[in-house]
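As stored in my_file_24.cif (mmCIF, C-alpha atoms):
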```cif
data_query
#
loop_
_atom_site.label_atom_id
_atom_site.label_comp_id
_atom_site.auth_asym_id
_atom_site.auth_seq_id
_atom_site.Cartn_x
_atom_site.Cartn_y
_atom_site.Cartn_z
CA MET A 221 106.22 73.45 96.33
CA VAL A 222 104.26 76.68 96.08
CA ILE A 223 100.87 76.73 97.74
CA GLN A 224 98.47 78.86 95.77
CA THR A 225 95.00 79.88 96.77
CA ILE A 226 92.39 78.83 94.26
CA ARG A 227 90.58 81.96 93.21
CA LYS A 228 87.35 81.57 91.34
CA LYS A 229 86.09 84.30 89.13
CA ARG A 230 82.66 85.61 89.98
CA PRO A 231 80.02 84.13 87.66
CA LEU A 232 78.40 87.54 87.20
CA PRO A 233 79.58 91.14 87.55
CA ALA A 234 79.67 92.48 91.10
CA ARG A 235 76.84 94.92 90.40
CA GLN A 236 74.44 92.16 89.34
CA LEU A 237 75.36 89.92 92.27
CA ALA A 238 74.96 92.87 94.64
CA GLU A 239 71.42 93.43 93.37
CA MET A 240 70.63 89.73 93.80
CA TYR A 241 71.86 89.64 97.41
CA ASP A 242 70.74 93.18 98.27
CA VAL A 243 74.24 94.34 99.23
CA THR A 244 76.70 96.80 97.74
CA PRO A 245 79.06 95.82 94.91
CA ARG A 246 81.98 96.43 97.26
CA THR A 247 80.64 93.75 99.60
CA ILE A 248 80.62 91.25 96.74
CA MET A 249 84.22 92.19 95.89
CA ARG A 250 85.20 91.70 99.53
CA TRP A 251 83.53 88.28 99.67
CA ALA A 252 85.54 87.11 96.66
CA ALA A 253 88.81 88.69 97.78
CA GLN A 254 91.79 86.92 99.32
CA THR A 255 92.74 87.90 102.86
CA ARG A 256 95.94 89.86 103.32
CA ALA A 257 97.44 87.20 105.59
CA ASP A 258 96.84 84.52 102.95
CA TRP A 259 98.38 86.72 100.26
CA ILE A 260 101.46 87.44 102.39
CA ASP A 261 101.90 83.72 103.13
CA GLU A 262 101.53 82.89 99.44
CA GLN A 263 104.16 85.45 98.47
CA ALA A 264 106.58 84.18 101.12
CA ALA A 265 106.11 80.61 99.87
CA GLY A 266 106.84 81.78 96.33
CA ARG A 267 110.03 83.53 97.41
CA GLU A 268 111.16 80.44 99.30
CA ALA A 269 110.43 78.27 96.24
CA ILE A 270 112.63 80.52 94.09
CA ARG A 271 115.42 80.44 96.68
CA ALA A 272 115.24 76.66 96.98
CA TYR A 273 115.18 76.14 93.21
CA HIS A 274 118.30 78.26 92.77
CA ASP A 275 120.28 77.59 95.94
CA ASP A 276 119.33 74.03 96.91
CA ASP A 277 118.78 72.55 93.46
CA GLY A 278 121.72 74.40 91.92
CA HIS A 279 120.03 76.00 88.92
CA SER A 280 121.42 79.13 87.31
CA TRP A 281 119.67 82.47 87.55
CA THR A 282 118.52 82.28 83.93
CA GLN A 283 117.12 78.78 84.43
CA THR A 284 115.35 79.95 87.57
CA ALA A 285 113.87 82.95 85.77
CA LYS A 286 112.60 80.76 82.93
CA HIS A 287 111.17 78.19 85.32
CA PHE A 288 109.14 80.77 87.26
CA HIS A 289 108.30 82.90 84.18
CA LEU A 290 109.85 86.00 85.76
CA SER A 291 112.60 88.40 84.79
CA LEU A 292 116.16 87.79 85.93
CA SER A 293 116.20 90.79 88.26
CA THR A 294 112.88 89.82 89.86
CA VAL A 295 114.11 86.31 90.60
CA LYS A 296 117.31 87.63 92.16
CA GLU A 297 115.42 90.14 94.32
CA ARG A 298 112.97 87.52 95.58
CA ALA A 299 115.72 85.02 96.36
CA TYR A 300 117.68 87.71 98.22
CA ARG A 301 114.60 88.61 100.27
CA ALA A 302 113.91 84.93 101.02
CA ARG A 303 117.50 84.53 102.26
CA LYS A 304 117.08 87.57 104.51
CA GLU A 305 113.80 86.22 105.89
CA ARG A 306 115.39 82.83 106.50
CA ALA A 307 118.35 84.40 108.33
CA ALA A 308 115.99 86.51 110.47
CA GLU A 309 113.96 83.43 111.39
CA ALA A 310 117.13 81.53 112.35
CA GLU A 311 118.34 84.47 114.43
CA GLU A 312 114.98 84.72 116.22
CA LYS A 313 114.97 80.98 116.90
CA ALA A 314 118.52 81.15 118.32
CA ARG A 315 117.57 84.12 120.50
CA ILE A 316 114.58 82.24 121.89
CA GLU A 317 116.73 79.16 122.61
CA VAL A 318 119.24 81.28 124.55
CA HIS A 319 116.52 82.90 126.65
CA LYS A 320 114.72 79.62 127.23
CA ASN A 321 117.72 78.18 129.11
CA GLU A 322 118.21 81.21 131.36
CA VAL A 323 117.10 81.10 134.96
CA PRO A 324 115.08 84.16 135.99
CA LEU A 325 116.72 86.40 138.59
CA PHE A 326 113.46 87.21 140.32
CA ASP A 327 110.36 85.07 140.73
#
```

Since I need it in another form, could you write the structure as structure tokens?
Amino acid sequence: MVIQTIRKKRPLPARQLAEMYDVTPRTIMRWAAQTRADWIDEQAAGREAIRAYHDDDGHSWTQTAKHFHLSLSTVKERAYRARKERAAEAEEKARIEVHKNEVPLFD
């Protein structure tokens, strides 16, 4: 499941809203913008959804591309990146588990 942020279009142009609120148009754009952290999380969730659809559910690359309305190369690239991210997370988790069981030499 892909979690997407609901983005609402501004009811009026930024310039008009800026005049109404006595701020700059850039401030209005910033108010309506998505945060970078949310965007990064959304993209990671999308990559993981593509990887799961292909790898876990067993669909072909062409079926995956059609399902997500993307090109074949884009789907492959995103699945590859999701696999790399997953491997890095597993490696980090294993590293933490190893260090958690160690007894410190000095207190």

Check what the PyMOL selection byres ((chain A and resi 298-308) around 8) selects in the file above and give those residues as a short mmCIF file (atom, residue, chain, number, x, y, z; two decimals) with C-alpha atoms, keeping the file's coordinate frame.
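So the final result, stored in out-v5.cif, reads:
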```cif
data_model
loop_
_atom_site.label_atom_id
_atom_site.label_comp_id
_atom_site.auth_asym_id
_atom_site.auth_seq_id
_atom_site.Cartn_x
_atom_site.Cartn_y
_atom_site.Cartn_z
CA ALA A 264 106.58 84.18 101.12
CA ARG A 267 110.03 83.53 97.41
CA GLU A 268 111.16 80.44 99.30
CA ILE A 270 112.63 80.52 94.09
CA ARG A 271 115.42 80.44 96.68
CA THR A 294 112.88 89.82 89.86
CA VAL A 295 114.11 86.31 90.60
CA LYS A 296 117.31 87.63 92.16
CA GLU A 297 115.42 90.14 94.32
CA GLU A 309 113.96 83.43 111.39
CA ALA A 310 117.13 81.53 112.35
CA GLU A 311 118.34 84.47 114.43
CA GLU A 312 114.98 84.72 116.22
#
```

Separating atom CA of A:His287 from atom CA of A:Asp275, to the nearest tenth of an Å, is a gap of 14.0 Å

Residue among A:Asn321, A:Thr247, A:Glu262, A:Tyr273 lying closest to A:Lys286, counting only C-alpha atoms:
A:Tyr273

To one decimal place in Å, what is the distance between atom CA of A:Ala265 and atom CA of A:Arg315?
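Atom-to-atom, atom CA of A:Ala265 and atom CA of A:Arg315 are spaced 23.9 Å apart.
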
Translate the PyMOL selection byres ((chain A and resi 251) around 12) into a concrete residue list for this structure, as an MDAnalysis selection string.
chainID A and resid 227:230 234 237:238 241 243:250 252:255

Repair of stretch 232-245 of chain A at the level of N, CA and C atoms, as an mmCIF file, in the coordinates of the input:
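So out_13.cif came out as:
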```
data_model
loop_
_atom_site.group_PDB
_atom_site.id
_atom_site.type_symbol
_atom_site.label_atom_id
_atom_site.label_comp_id
_atom_site.auth_asym_id
_atom_site.auth_seq_id
_atom_site.Cartn_x
_atom_site.Cartn_y
_atom_site.Cartn_z
ATOM 1 N N LEU A 232 79.060 86.349 87.729
ATOM 2 C CA LEU A 232 78.400 87.540 87.200
ATOM 3 C C LEU A 232 79.167 88.773 87.679
ATOM 4 N N PRO A 233 78.952 89.913 87.050
ATOM 5 C CA PRO A 233 79.580 91.140 87.550
ATOM 6 C C PRO A 233 79.123 91.458 88.972
ATOM 7 N N ALA A 234 79.958 92.154 89.701
ATOM 8 C CA ALA A 234 79.670 92.480 91.100
ATOM 9 C C ALA A 234 78.361 93.255 91.243
ATOM 10 N N ARG A 235 78.075 94.116 90.308
ATOM 11 C CA ARG A 235 76.840 94.920 90.400
ATOM 12 C C ARG A 235 75.596 94.016 90.346
ATOM 13 N N GLN A 236 75.596 93.047 89.449
ATOM 14 C CA GLN A 236 74.440 92.160 89.340
ATOM 15 C C GLN A 236 74.310 91.270 90.586
ATOM 16 N N LEU A 237 75.418 90.747 91.065
ATOM 17 C CA LEU A 237 75.360 89.920 92.270
ATOM 18 C C LEU A 237 74.921 90.744 93.478
ATOM 19 N N ALA A 238 75.357 91.998 93.532
ATOM 20 C CA ALA A 238 74.960 92.870 94.640
ATOM 21 C C ALA A 238 73.454 93.095 94.635
ATOM 22 N N GLU A 239 72.873 93.259 93.461
ATOM 23 C CA GLU A 239 71.420 93.430 93.370
ATOM 24 C C GLU A 239 70.692 92.159 93.794
ATOM 25 N N MET A 240 71.256 90.999 93.436
ATOM 26 C CA MET A 240 70.630 89.730 93.800
ATOM 27 C C MET A 240 70.630 89.503 95.310
ATOM 28 N N TYR A 241 71.723 89.869 95.967
ATOM 29 C CA TYR A 241 71.860 89.640 97.410
ATOM 30 C C TYR A 241 71.500 90.872 98.250
ATOM 31 N N ASP A 242 71.122 91.942 97.593
ATOM 32 C CA ASP A 242 70.740 93.180 98.270
ATOM 33 C C ASP A 242 71.866 93.725 99.150
ATOM 34 N N VAL A 243 73.063 93.759 98.579
ATOM 35 C CA VAL A 243 74.240 94.340 99.230
ATOM 36 C C VAL A 243 74.927 95.253 98.217
ATOM 37 N N THR A 244 75.981 95.911 98.654
ATOM 38 C CA THR A 244 76.700 96.800 97.740
ATOM 39 C C THR A 244 77.684 95.989 96.886
ATOM 40 N N PRO A 245 78.065 96.513 95.729
ATOM 41 C CA PRO A 245 79.060 95.820 94.910
ATOM 42 C C PRO A 245 80.392 95.625 95.643
#
```
